[in-house]
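Trainee: Compact mmCIF, C-alpha atoms and all ligand atoms, saved as run-v3.txt, coming up:
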# COMPACT_ATOMS: atom_id res chain seq x y z
CA MET X 1 0.00 0.00 0.00
CA GLY X 2 1.32 3.47 -0.81
CA LEU X 3 1.65 5.69 2.23
CA VAL X 4 3.46 8.76 0.98
CA ASN X 5 0.34 10.79 0.29
CA ILE X 6 -0.69 10.85 3.96
CA LEU X 7 2.44 12.78 4.90
CA GLN X 8 3.32 16.44 4.62
CA PRO X 9 6.54 17.40 2.80
CA GLN X 10 8.94 19.52 4.85
CA GLN X 11 12.59 20.48 4.23
CA GLN X 12 15.18 19.20 6.71
CA LEU X 13 18.91 19.85 6.81
CA GLN X 14 20.93 17.38 8.86
CA GLN X 15 24.68 17.48 9.31
CA ALA X 16 26.32 14.31 7.99
CA ARG X 17 28.73 11.83 9.61
CA TRP X 18 31.74 10.19 7.95
CA TRP X 19 33.43 13.24 6.44
CA GLU X 20 36.37 15.53 7.06
CA PRO X 21 37.07 19.13 6.04
CA GLU X 22 39.62 19.91 3.35
CA PRO X 23 41.34 23.15 2.34
CA GLY X 24 39.30 25.66 0.37
CA GLU X 25 35.97 24.77 2.03
CA LYS X 26 36.02 21.36 0.35
CA VAL X 27 34.94 18.22 2.21
CA HIS X 28 35.96 14.57 1.87
CA CYS X 29 33.09 12.09 2.29
CA TYR X 30 34.39 8.63 3.24
CA LEU X 31 31.04 6.90 3.73
CA CYS X 32 31.47 4.84 0.58
CA PRO X 33 34.48 3.79 -1.50
CA ARG X 34 33.91 6.63 -3.97
CA HIS X 35 35.58 8.99 -1.48
CA CYS X 36 34.04 12.10 -3.02
CA HIS X 37 35.90 15.38 -2.59
CA ILE X 38 33.06 17.89 -2.69
CA GLY X 39 33.39 21.60 -3.37
CA GLU X 40 31.32 24.29 -1.68
CA GLY X 41 27.71 24.21 -2.93
CA GLN X 42 28.18 20.87 -4.69
CA THR X 43 26.90 17.35 -3.99
CA GLY X 44 28.67 14.01 -4.08
CA PHE X 45 28.05 11.38 -6.77
CA CYS X 46 25.02 10.15 -4.81
CA PHE X 47 23.31 13.58 -5.07
CA ILE X 48 22.08 13.71 -1.46
CA ARG X 49 25.26 14.58 0.43
CA THR X 50 26.02 18.24 -0.04
CA ASN X 51 28.69 20.74 1.02
CA ARG X 52 27.28 23.96 2.46
CA ASP X 53 29.93 26.41 3.70
CA GLY X 54 32.48 23.67 4.26
CA VAL X 55 30.12 21.37 6.18
CA LEU X 56 28.66 18.12 4.77
CA TYR X 57 24.90 17.66 5.10
CA ASN X 58 22.68 14.68 4.34
CA LEU X 59 19.67 15.91 2.38
CA GLY X 60 17.99 12.52 2.67
CA TYR X 61 17.67 12.64 6.46
CA ALA X 62 13.99 12.30 7.43
CA GLN X 63 13.06 12.80 3.76
CA PRO X 64 11.82 9.46 2.39
CA ALA X 65 10.76 9.52 -1.25
CA ALA X 66 9.10 6.09 -1.14
CA LEU X 67 7.16 4.34 1.64
CA GLN X 68 5.50 0.98 1.31
CA VAL X 69 4.45 -2.11 3.24
CA ASP X 70 5.93 -5.15 1.45
CA PRO X 71 6.15 -8.88 2.04
CA ILE X 72 9.64 -9.60 3.37
CA GLU X 73 10.11 -12.07 0.48
CA LYS X 74 10.20 -9.06 -1.87
CA LYS X 75 13.53 -7.79 -0.42
CA PRO X 76 14.30 -10.75 -1.09
CA LEU X 77 14.78 -12.47 2.27
CA ASN X 78 13.63 -16.09 2.44
CA HIS X 79 15.25 -17.07 5.76
CA PHE X 80 14.29 -14.10 7.93
CA LEU X 81 10.82 -14.09 9.47
CA PRO X 82 9.14 -15.60 6.38
CA GLY X 83 5.59 -14.56 5.64
CA THR X 84 5.83 -11.27 7.59
CA ARG X 85 5.26 -7.70 6.43
CA ILE X 86 8.07 -5.20 6.35
CA PHE X 87 7.72 -1.42 6.45
CA SER X 88 9.96 -0.20 3.61
CA LEU X 89 11.39 3.19 2.80
CA GLY X 90 13.93 4.83 0.50
CA THR X 91 15.14 8.30 -0.44
CA ALA X 92 16.50 9.93 -3.58
CA GLY X 93 19.99 9.21 -4.90
CA CYS X 94 22.49 6.34 -5.16
CA ASN X 95 26.23 5.80 -4.95
CA MET X 96 26.29 3.37 -7.88
CA GLY X 97 25.53 4.17 -11.50
CA CYS X 98 23.87 0.93 -12.63
CA PHE X 99 22.61 1.13 -16.21
CA PHE X 100 19.91 -1.45 -15.36
CA CYS X 101 18.53 0.26 -12.24
CA GLN X 102 14.92 -0.75 -11.67
CA ASN X 103 14.20 2.13 -9.25
CA TRP X 104 15.91 4.78 -11.35
CA ASP X 105 13.07 7.28 -10.90
CA ILE X 106 14.26 7.89 -7.33
CA SER X 107 17.81 6.51 -7.33
CA LYS X 108 18.92 8.75 -10.19
CA SER X 109 17.03 11.78 -8.91
CA LYS X 110 18.36 14.69 -6.95
CA HIS X 111 16.74 15.36 -3.62
CA ASP X 112 14.65 18.25 -4.96
CA GLN X 113 13.40 16.21 -7.94
CA VAL X 114 11.34 13.77 -5.90
CA ASN X 115 8.22 14.20 -3.84
CA SER X 116 9.69 13.54 -0.40
CA ALA X 117 7.77 13.33 2.84
CA HIS X 118 9.08 14.53 6.20
CA LEU X 119 9.31 11.68 8.68
CA GLU X 120 11.45 11.63 11.82
CA PRO X 121 12.94 8.25 12.92
CA GLU X 122 10.40 7.72 15.72
CA GLU X 123 7.58 8.44 13.25
CA VAL X 124 8.89 5.75 10.89
CA VAL X 125 8.85 3.23 13.73
CA SER X 126 5.36 4.29 14.83
CA LEU X 127 4.07 3.81 11.27
CA ALA X 128 5.66 0.35 11.11
CA VAL X 129 3.93 -0.59 14.37
CA ARG X 130 0.64 0.87 13.18
CA TYR X 131 0.79 -1.23 10.00
CA GLY X 132 1.62 -4.42 11.91
CA CYS X 133 5.18 -4.82 10.63
CA PRO X 134 7.76 -6.53 12.87
CA SER X 135 10.58 -5.16 10.68
CA ILE X 136 11.66 -2.05 8.79
CA ALA X 137 13.58 -2.19 5.49
CA PHE X 138 15.95 0.47 4.19
CA THR X 139 15.53 -0.13 0.49
CA TYR X 140 14.46 1.13 -2.98
CA ASN X 141 17.60 3.27 -3.31
CA GLU X 142 20.97 2.65 -1.63
CA PRO X 143 20.50 3.14 2.14
CA THR X 144 24.22 3.52 2.83
CA ILE X 145 24.09 7.09 1.50
CA TRP X 146 21.51 8.03 4.15
CA GLY X 147 23.29 6.05 6.85
CA GLU X 148 22.67 8.73 9.52
CA TYR X 149 18.90 8.30 9.11
CA VAL X 150 19.27 4.49 8.96
CA VAL X 151 21.14 4.41 12.29
CA ASP X 152 18.64 6.66 14.07
CA ILE X 153 15.65 4.67 12.78
CA ALA X 154 17.34 1.37 13.66
CA GLN X 155 18.03 2.52 17.22
CA ALA X 156 14.43 3.67 17.64
CA ALA X 157 13.21 0.39 16.11
CA ARG X 158 15.23 -1.76 18.53
CA ALA X 159 13.86 0.23 21.46
CA ARG X 160 10.35 -0.72 20.29
CA GLY X 161 11.22 -4.40 19.57
CA LEU X 162 11.36 -4.12 15.78
CA ASN X 163 14.03 -5.51 13.45
CA THR X 164 15.78 -3.62 10.66
CA VAL X 165 16.95 -4.75 7.24
CA MET X 166 19.42 -3.22 4.78
CA VAL X 167 18.74 -3.91 1.09
CA THR X 168 22.07 -2.79 -0.21
CA ASN X 169 24.72 -2.85 -2.91
CA GLY X 170 27.34 -3.39 -0.21
CA TYR X 171 29.35 -0.34 -1.24
CA VAL X 172 30.42 1.10 2.11
CA THR X 173 33.80 1.79 3.70
CA ARG X 174 35.08 -0.02 6.74
CA GLU X 175 35.12 3.31 8.59
CA ALA X 176 31.31 3.50 8.32
CA PHE X 177 30.44 -0.20 8.10
CA PHE X 178 30.33 -1.00 11.83
CA ASP X 179 28.69 2.31 12.71
CA ILE X 180 25.75 1.21 10.56
CA TYR X 181 25.66 -2.58 10.81
CA ASP X 182 25.95 -2.67 14.62
CA HIS X 183 22.30 -1.60 14.54
CA ILE X 184 21.06 -3.88 11.75
CA ASP X 185 19.48 -7.32 12.06
CA ALA X 186 19.46 -8.56 8.46
CA ALA X 187 20.57 -7.59 4.97
CA ASN X 188 20.16 -8.55 1.37
CA VAL X 189 23.30 -7.64 -0.54
CA ASP X 190 23.39 -7.38 -4.32
CA LEU X 191 26.33 -9.21 -5.79
CA LYS X 192 25.65 -7.79 -9.21
CA ALA X 193 28.17 -9.84 -11.15
CA PHE X 194 31.48 -11.56 -10.60
CA THR X 195 33.72 -9.59 -12.93
CA GLU X 196 35.44 -6.26 -12.42
CA ASN X 197 34.60 -5.50 -16.04
CA PHE X 198 30.85 -5.59 -15.29
CA TYR X 199 31.19 -3.55 -12.10
CA SER X 200 33.34 -0.86 -13.69
CA LYS X 201 31.41 -0.54 -16.97
CA ILE X 202 27.80 -1.25 -15.97
CA THR X 203 27.66 -0.02 -12.36
CA LEU X 204 30.50 2.56 -12.42
CA THR X 205 31.99 1.02 -9.26
CA HIS X 206 34.31 -1.86 -8.35
CA LEU X 207 33.81 -5.49 -7.33
CA GLU X 208 36.50 -5.89 -4.68
CA PRO X 209 35.02 -3.51 -2.05
CA VAL X 210 31.72 -5.42 -2.22
CA LEU X 211 33.49 -8.75 -1.66
CA GLU X 212 35.27 -7.25 1.35
CA VAL X 213 31.98 -6.06 2.86
CA LEU X 214 30.48 -9.53 2.46
CA GLN X 215 33.39 -11.02 4.38
CA TRP X 216 33.06 -8.43 7.18
CA LEU X 217 29.37 -9.26 7.42
CA LYS X 218 30.13 -12.97 7.74
CA GLN X 219 33.17 -12.81 9.97
CA GLU X 220 32.61 -9.76 12.15
CA THR X 221 28.87 -9.32 12.67
CA ASN X 222 25.83 -11.39 13.57
CA VAL X 223 23.74 -9.81 10.81
CA TRP X 224 21.71 -12.42 8.93
CA PHE X 225 22.31 -11.84 5.24
CA GLU X 226 21.33 -13.22 1.86
CA LEU X 227 22.71 -12.47 -1.61
CA THR X 228 21.04 -11.45 -4.85
CA ASN X 229 22.53 -11.85 -8.30
CA LEU X 230 20.41 -10.22 -11.03
CA ILE X 231 21.23 -12.08 -14.22
CA ILE X 232 21.28 -9.91 -17.35
CA PRO X 233 21.46 -11.64 -20.76
CA THR X 234 24.87 -11.25 -22.45
CA LEU X 235 26.35 -9.20 -19.57
CA ASN X 236 26.71 -11.58 -16.59
CA ASP X 237 24.90 -14.77 -17.62
CA GLU X 238 27.84 -17.02 -18.56
CA ALA X 239 27.78 -20.37 -16.75
CA GLN X 240 31.48 -19.99 -15.96
CA GLU X 241 30.87 -16.66 -14.17
CA THR X 242 27.98 -18.14 -12.19
CA ARG X 243 30.20 -21.04 -11.11
CA LYS X 244 32.99 -18.70 -10.00
CA LEU X 245 30.54 -16.58 -8.05
CA ALA X 246 29.05 -19.62 -6.29
CA GLU X 247 32.51 -21.03 -5.53
CA TRP X 248 33.58 -17.72 -4.00
CA VAL X 249 30.45 -17.64 -1.83
CA LEU X 250 31.08 -21.22 -0.68
CA ASN X 251 34.76 -20.63 0.11
CA HIS X 252 34.47 -17.19 1.71
CA LEU X 253 30.98 -17.06 3.22
CA GLY X 254 30.01 -20.71 3.64
CA ASP X 255 27.31 -23.00 2.29
CA ASP X 256 24.52 -21.59 4.46
CA VAL X 257 24.20 -18.11 2.87
CA PRO X 258 21.06 -18.04 0.69
CA LEU X 259 21.71 -16.97 -2.88
CA HIS X 260 18.92 -15.56 -5.06
CA PHE X 261 19.28 -15.55 -8.85
CA THR X 262 16.74 -13.04 -10.17
CA ALA X 263 15.43 -12.18 -13.62
CA PHE X 264 16.19 -8.89 -15.32
CA HIS X 265 13.62 -6.85 -17.20
CA PRO X 266 14.62 -4.06 -19.62
CA ASP X 267 14.81 -0.72 -17.77
CA PHE X 268 16.62 2.64 -17.56
CA LYS X 269 19.68 2.56 -19.86
CA LEU X 270 19.48 -1.17 -20.61
CA ARG X 271 16.30 -1.33 -22.65
CA ASP X 272 18.06 -3.12 -25.51
CA LYS X 273 18.60 -6.33 -23.51
CA PRO X 274 15.92 -9.05 -23.40
CA HIS X 275 14.21 -10.41 -20.30
CA THR X 276 16.21 -13.17 -18.62
CA PRO X 277 14.93 -16.54 -19.90
CA PRO X 278 13.74 -18.81 -17.05
CA GLU X 279 16.16 -21.50 -18.26
CA THR X 280 19.09 -19.20 -17.46
CA LEU X 281 17.93 -18.96 -13.83
CA HIS X 282 17.32 -22.73 -13.68
CA ARG X 283 20.87 -23.33 -14.95
CA ALA X 284 22.39 -20.86 -12.48
CA ARG X 285 20.55 -22.51 -9.61
CA ARG X 286 21.71 -25.99 -10.72
CA ILE X 287 25.32 -24.76 -10.87
CA ALA X 288 25.24 -23.17 -7.41
CA LEU X 289 23.70 -26.32 -5.90
CA GLU X 290 26.33 -28.46 -7.64
CA VAL X 291 29.05 -26.23 -6.18
CA GLY X 292 27.66 -26.98 -2.71
CA LEU X 293 25.46 -24.04 -1.66
CA ARG X 294 22.52 -25.29 0.37
CA TYR X 295 19.88 -22.59 -0.25
CA VAL X 296 19.61 -21.31 -3.81
CA TYR X 297 16.57 -19.48 -5.18
CA GLU X 298 15.11 -18.14 -8.40
CA GLY X 299 13.29 -14.82 -8.28
CA ASN X 300 11.16 -12.52 -10.46
CA ILE X 301 9.68 -15.60 -12.17
CA PHE X 302 7.14 -18.22 -11.13
CA SER X 303 9.29 -21.26 -10.36
CA ASP X 304 9.75 -24.23 -8.07
CA GLY X 305 13.10 -22.57 -7.38
CA ALA X 306 11.26 -20.16 -5.08
CA HIS X 307 10.67 -22.85 -2.42
CA THR X 308 12.98 -23.66 0.49
CA TYR X 309 14.04 -27.30 0.30
CA CYS X 310 15.60 -29.29 3.10
CA PRO X 311 19.23 -29.73 2.02
CA SER X 312 19.24 -33.18 3.62
CA CYS X 313 15.99 -34.94 2.65
CA HIS X 314 15.08 -32.47 -0.15
CA ARG X 315 11.42 -32.07 0.83
CA ILE X 316 9.77 -28.66 0.50
CA LEU X 317 9.90 -26.81 3.83
CA LEU X 318 8.54 -23.44 2.70
CA LYS X 319 6.38 -23.37 -0.39
CA ARG X 320 6.15 -19.99 -2.11
CA SER X 321 4.36 -18.43 -5.02
CA TRP X 322 6.05 -15.17 -6.10
CA HIS X 323 6.29 -13.27 -2.77
CA SER X 324 3.66 -15.31 -0.91
CA VAL X 325 4.41 -18.11 1.54
CA LEU X 326 1.81 -20.84 0.90
CA GLU X 327 3.12 -23.47 3.32
CA ASN X 328 5.62 -23.40 6.20
CA HIS X 329 6.53 -26.80 7.62
CA LEU X 330 9.52 -25.75 9.72
CA LYS X 331 9.51 -26.93 13.32
CA ASN X 332 11.76 -24.91 15.64
CA GLY X 333 13.99 -23.97 12.70
CA ALA X 334 14.43 -27.56 11.57
CA CYS X 335 13.05 -29.97 9.00
CA PRO X 336 10.08 -31.83 10.58
CA TRP X 337 10.84 -34.98 8.58
CA CYS X 338 14.60 -35.51 9.03
CA GLY X 339 15.49 -33.01 11.76
CA GLU X 340 18.05 -31.09 9.68
CA ARG X 341 18.66 -27.60 11.10
CA ILE X 342 17.82 -24.90 8.56
CA HIS X 343 19.91 -21.74 8.77
CA GLY X 344 17.96 -18.55 9.27
CA VAL X 345 16.06 -16.38 11.71
CA TRP X 346 12.66 -17.97 12.10
CA GLU X 347 11.35 -16.22 15.19
CA ASN X 348 11.04 -12.52 15.91
CA LEU X 349 14.24 -11.16 17.39
CA GLN X 350 12.29 -8.55 19.37
CA GLY X 351 15.29 -6.27 19.13
CA LYS X 352 17.47 -8.64 21.17
CA THR X 353 19.99 -9.61 18.50
CA PRO X 354 23.38 -10.25 20.07
CA VAL X 355 25.85 -8.05 18.25
CA LYS X 356 29.56 -8.81 18.14
CA PRO X 357 31.79 -6.03 19.49
CA ARG X 358 32.78 -3.38 17.01
CA ALA X 359 36.23 -3.62 15.51
CA THR X 360 38.89 -1.73 17.42
CA ALA X 361 40.52 1.32 15.85
CA ALA X 362 43.65 -0.75 15.29
CA SER X 363 41.77 -3.20 13.11
CA VAL X 364 40.28 -0.51 10.89
CA GLN X 365 42.13 -0.55 7.61
S1 LIG Q 401 28.25 8.46 0.05
FE1 LIG Q 401 27.87 9.82 -1.71
S2 LIG Q 401 29.10 11.66 -1.30
FE2 LIG Q 401 29.85 10.04 0.07
S3 LIG Q 401 31.58 9.10 -1.04
FE3 LIG Q 401 29.73 7.89 -1.55
S4 LIG Q 401 28.89 8.80 -3.42
FE4 LIG Q 401 30.35 10.26 -2.56
Written as structure tokens, that's how I'd like the structure from this file.
Mentor:
Amino acid sequence: MGLVNILQPQQQLQQARWWEPEPGEKVHCYLCPRHCHIGEGQTGFCFIRTNRDGVLYNLGYAQPAALQVDPIEKKPLNHFLPGTRIFSLGTAGCNMGCFFCQNWDISKSKHDQVNSAHLEPEEVVSLAVRYGCPSIAFTYNEPTIWGEYVVDIAQAARARGLNTVMVTNGYVTREAFFDIYDHIDAANVDLKAFTENFYSKITLTHLEPVLEVLQWLKQETNVWFELTNLIIPTLNDEAQETRKLAEWVLNHLGDDVPLHFTAFHPDFKLRDKPHTPPETLHRARRIALEVGLRYVYEGNIFSDGAHTYCPSCHRILLKRSWHSVLENHLKNGACPWCGERIHGVWENLQGKTPVKPRATAASVQ
């Protein structure tokens, strides 16, 4: 349901975190690996972090451009409170330049080009409670670039027993990573391809920083996370690339991280590419299962690859149709037929997620 029209627009100017002053009233933003050096009166690549008189401000703070109640399967998260609703919001702007962006109307907009509402963190949480959502998602555009707002909402959410979810491209520096993810319960991270060529030419960023963030998530936090790989015909659909991606996930993140292969539809600057054929997703899923990943999904198509199967006895544990959960046979997080434990968060965390200690200054690279 769309909610934005019940709210009154109002301008807000919030000083940013994760920046340092530079000579000549410039500022250096180190929130994401772009490391923008921003002149007075200008914005960074993401359009919503702006230098006013030598101070960096976040124009997205308390200014959501999209508000919606979604099924959590739409994020996609299949192993985190399945079948629940999630209060979802996003702002203008993005720190990547993906030619295939499917939310380009807000992600490629400047702050003053979208119809933003004014919503303080506590108001976001109150709306989530009012709409019966146990979780809040930071999504639609890249939430890292409005990390100050994310952190304040997440803290308010935990105080009220709600969970928070980042739907992210994983393009964040180590300096900001723990400041944000200490407050987050779950994430879906886009692993958009497995070649530097794709990242540099099609997203205008780099692959390696995303792989580093995935390893920090696995090794240094308790955030539950799943991966999404949008497969685009002719650009990242080679079987060999899929195999390398799956092998990297297995070797660096483990076999229990769910991997979603999703179908592309022509959009934004990639309208000359066809829809992803279902067979391409079926093949990718077969490859990832062969490699040894235990939970591999197909998304944006109707498919038996949307269900959660027990990796031991192979029976369907959660039966889905698109974003709906039709059957849930899990018993205490395990297969009711063979007892295999299924990785995931199956009960509401109620804001009590144990969080590993933040890295010490010495460990920050
Ligand atoms: S968050 Fe925005 S301003 Fe900061 S470095 Fe990234 S793109 Fe540049």
Trainee: Which residues sit within 8 Å of ligand LIG 401 (chain Q), counting only C-alpha atoms and all ligand atoms, listed as a list in words?
Mentor: Trp19, His28, Cys29, Tyr30, Leu31, Cys32, Pro33, Arg34, His35, Cys36, His37, Ile38, Thr43, Gly44, Phe45, Cys46, Phe47, Ile48, Arg49, Thr50, Cys94, Asn95, Met96, Thr144, Ile145, Trp146 and Val172 of chain X
Trainee: So which residues touch Gly333 in chain X within 9 Å, counting all atoms listed in the file, skipping near sequence neighbours fewer than 4 positions away, as a list in words?
Mentor: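 Near Gly333 in chain X, the qualifying residues are Glu340, Arg341, Ile342, His343, Gly344, Val345, Trp346 and Glu347 of chain X.
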Trainee: Please check which residues have atoms at most 12 Å from (15.8, 8.6, -5.0) in the file's coordinates, counting only C-alpha atoms, and write them as a ChimeraX atom specification.
Mentor: /X:46-48,59-60,63-67,89-95,101-116,139-143,145-146
Trainee: Counting only C-alpha atoms, which residue out of X:Tyr295, X:Trp18, X:Trp337, X:Phe178 sits closest to Thr308 in chain X?
Mentor: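 Answer, going by the shortest atom-to-atom distance: X:Tyr295.
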Trainee: Taking only residues of range 96-189 of chain X that have an atom at most 8 Å from an atom of range 200-209 of chain X, what is each one's shortest atom pair and its distance in Å to one decimal, using all atoms listed in the file, in chain and number order, as a tab-separated table?
Mentor:
residue	atom	partner	partner_atom	distance
X:Met96	CA	X:Thr203	CA	5.8
X:Gly97	CA	X:Thr203	CA	4.8
X:Cys98	CA	X:Thr203	CA	3.9
X:Phe99	CA	X:Ile202	CA	5.7
X:Phe100	CA	X:Ile202	CA	7.9
X:Gly170	CA	X:Pro209	CA	7.9
X:Tyr171	CA	X:Pro209	CA	6.5
X:Val172	CA	X:Pro209	CA	7.7
X:Thr173	CA	X:Pro209	CA	7.9
Trainee: Record the distance separating CA of Tyr61 in chain X and CA of Val151 in chain X, expressed in Å with one decimal.
Mentor: 10.7 Å
Trainee: Determine the nearest neighbour of Trp224 in chain X from the options X:Glu40, X:Glu241, X:Asp152, X:Asp185, counting all atoms listed in the file.
Mentor: X:Asp185
Trainee: Choose the residue, out of X:Asp182, X:Glu238, X:Asp256, X:Glu22, that has the smallest atom-to-atom separation from Glu226 in chain X; count all atoms listed in the file.
Mentor: X:Asp256
Trainee: Extract, using all atoms listed in the file, all DNA, RNA and protein residues at most 12 Å from Leu81 in chain X, discarding same-chain residues fewer than 2 positions from it, and format them as a count of residues only.
Mentor: 34
Trainee: Do you have the CA of Asn332 in chain X-CA of Arg315 in chain X distance handy?
Mentor: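 Between CA of Asn332 in chain X and CA of Arg315 in chain X the gap works out to 16.5 Å.
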Trainee: For each of X:Leu235, X:Phe87, X:Gln219, X:Gly305, take the minimum atom-to-atom distance to Lys74 in chain X, counting all atoms listed in the file, then give the residue where this is smallest.
Mentor: X:Phe87
Trainee: Tell me, in Å to one decimal, how far CA of Lys218 in chain X is from CA of His260 in chain X.
Mentor: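 Spanning CA of Lys218 in chain X to CA of His260 in chain X is a straight-line distance of 17.2 Å.
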Trainee: For Ala246 in chain X, which of X:Val210, X:Val291, X:Val124, X:Leu227 is the closest residue, counting all atoms listed in the file?
Mentor: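 So, comparing all the options, the nearest one is X:Val291.
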Trainee: May I have the residues within 10 Å of range 277-282 of chain X as a list in words, using all atoms listed in the file and disregarding those fewer than 6 positions away in the same chain?
Mentor: Leu230, Ile231, Ile232, Pro233, Asp237, Glu238, Ala239, His260, Phe261, Thr262, Ala263, Phe264, Tyr297, Glu298, Gly299, Asn300, Ile301, Phe302, Ser303, Asp304 and Gly305 of chain X
Trainee: Could you check which of X:Glu247, X:Asp179, X:Glu220, X:Asp267 is closest to Phe194 in chain X, using only C-alpha atoms?
Mentor: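 When distances to Phe194 in chain X are compared using only C-alpha atoms, the smallest one comes from X:Glu247.
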Trainee: Which centre and which edge lengths, in Å to one decimal, describe the axis-aligned box that holds all listed atoms of range 17-30 of chain X after 6 Å is added on each side, as JSON?
Mentor:
{"center_x": 35.0, "center_y": 17.1, "center_z": 5.0, "size_x": 24.6, "size_y": 29.0, "size_z": 21.3}
Trainee: Can you put all heavy atoms back into range 158-164 of chain X and show it as a PDB file, in the coordinates of the input?
Mentor:
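Once everything was written out, this is selection16.pdb:
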ATOM      1  N   ARG X 158      14.828  -0.782  17.499  1.00  0.00           N
ATOM      2  CA  ARG X 158      15.230  -1.760  18.530  1.00  0.00           C
ATOM      3  C   ARG X 158      14.564  -1.449  19.863  1.00  0.00           C
ATOM      4  O   ARG X 158      14.138  -2.352  20.589  1.00  0.00           O
ATOM      5  CB  ARG X 158      16.739  -1.751  18.702  1.00  0.00           C
ATOM      6  CG  ARG X 158      17.423  -2.639  17.699  1.00  0.00           C
ATOM      7  CD  ARG X 158      18.644  -3.337  18.262  1.00  0.00           C
ATOM      8  NE  ARG X 158      19.122  -4.244  17.211  1.00  0.00           N
ATOM      9  CZ  ARG X 158      20.383  -4.413  16.900  1.00  0.00           C
ATOM     10  NH1 ARG X 158      21.318  -3.796  17.568  1.00  0.00           N
ATOM     11  NH2 ARG X 158      20.721  -5.243  15.937  1.00  0.00           N
ATOM     12  N   ALA X 159      14.472  -0.159  20.181  1.00  0.00           N
ATOM     13  CA  ALA X 159      13.860   0.230  21.460  1.00  0.00           C
ATOM     14  C   ALA X 159      12.398  -0.177  21.517  1.00  0.00           C
ATOM     15  O   ALA X 159      11.849  -0.374  22.602  1.00  0.00           O
ATOM     16  CB  ALA X 159      14.001   1.743  21.657  1.00  0.00           C
ATOM     17  N   ARG X 160      11.771  -0.331  20.330  1.00  0.00           N
ATOM     18  CA  ARG X 160      10.350  -0.720  20.290  1.00  0.00           C
ATOM     19  C   ARG X 160      10.186  -2.208  19.927  1.00  0.00           C
ATOM     20  O   ARG X 160       9.077  -2.659  19.644  1.00  0.00           O
ATOM     21  CB  ARG X 160       9.595   0.136  19.256  1.00  0.00           C
ATOM     22  CG  ARG X 160       9.670   1.641  19.495  1.00  0.00           C
ATOM     23  CD  ARG X 160       8.534   2.193  20.341  1.00  0.00           C
ATOM     24  NE  ARG X 160       7.203   1.978  19.816  1.00  0.00           N
ATOM     25  CZ  ARG X 160       6.532   2.835  19.057  1.00  0.00           C
ATOM     26  NH1 ARG X 160       7.092   3.979  18.702  1.00  0.00           N
ATOM     27  NH2 ARG X 160       5.303   2.573  18.669  1.00  0.00           N
ATOM     28  N   GLY X 161      11.308  -2.972  19.848  1.00  0.00           N
ATOM     29  CA  GLY X 161      11.220  -4.400  19.570  1.00  0.00           C
ATOM     30  C   GLY X 161      11.064  -4.758  18.115  1.00  0.00           C
ATOM     31  O   GLY X 161      10.619  -5.858  17.780  1.00  0.00           O
ATOM     32  N   LEU X 162      11.441  -3.844  17.214  1.00  0.00           N
ATOM     33  CA  LEU X 162      11.360  -4.120  15.780  1.00  0.00           C
ATOM     34  C   LEU X 162      12.750  -4.432  15.216  1.00  0.00           C
ATOM     35  O   LEU X 162      13.760  -3.965  15.754  1.00  0.00           O
ATOM     36  CB  LEU X 162      10.766  -2.924  15.021  1.00  0.00           C
ATOM     37  CG  LEU X 162       9.250  -2.899  14.853  1.00  0.00           C
ATOM     38  CD1 LEU X 162       8.544  -2.863  16.196  1.00  0.00           C
ATOM     39  CD2 LEU X 162       8.821  -1.706  14.005  1.00  0.00           C
ATOM     40  N   ASN X 163      12.786  -5.166  14.130  1.00  0.00           N
ATOM     41  CA  ASN X 163      14.030  -5.510  13.450  1.00  0.00           C
ATOM     42  C   ASN X 163      14.248  -4.561  12.268  1.00  0.00           C
ATOM     43  O   ASN X 163      13.291  -3.982  11.749  1.00  0.00           O
ATOM     44  CB  ASN X 163      13.963  -6.934  12.908  1.00  0.00           C
ATOM     45  CG  ASN X 163      13.440  -7.892  13.947  1.00  0.00           C
ATOM     46  OD1 ASN X 163      14.111  -8.182  14.925  1.00  0.00           O
ATOM     47  ND2 ASN X 163      12.212  -8.360  13.754  1.00  0.00           N
ATOM     48  N   THR X 164      15.503  -4.459  11.827  1.00  0.00           N
ATOM     49  CA  THR X 164      15.780  -3.620  10.660  1.00  0.00           C
ATOM     50  C   THR X 164      16.605  -4.381   9.631  1.00  0.00           C
ATOM     51  O   THR X 164      17.433  -5.233   9.978  1.00  0.00           O
ATOM     52  CB  THR X 164      16.519  -2.331  11.054  1.00  0.00           C
ATOM     53  OG1 THR X 164      17.653  -2.665  11.853  1.00  0.00           O
ATOM     54  CG2 THR X 164      15.604  -1.389  11.812  1.00  0.00           C
TER      55      THR X 164
END
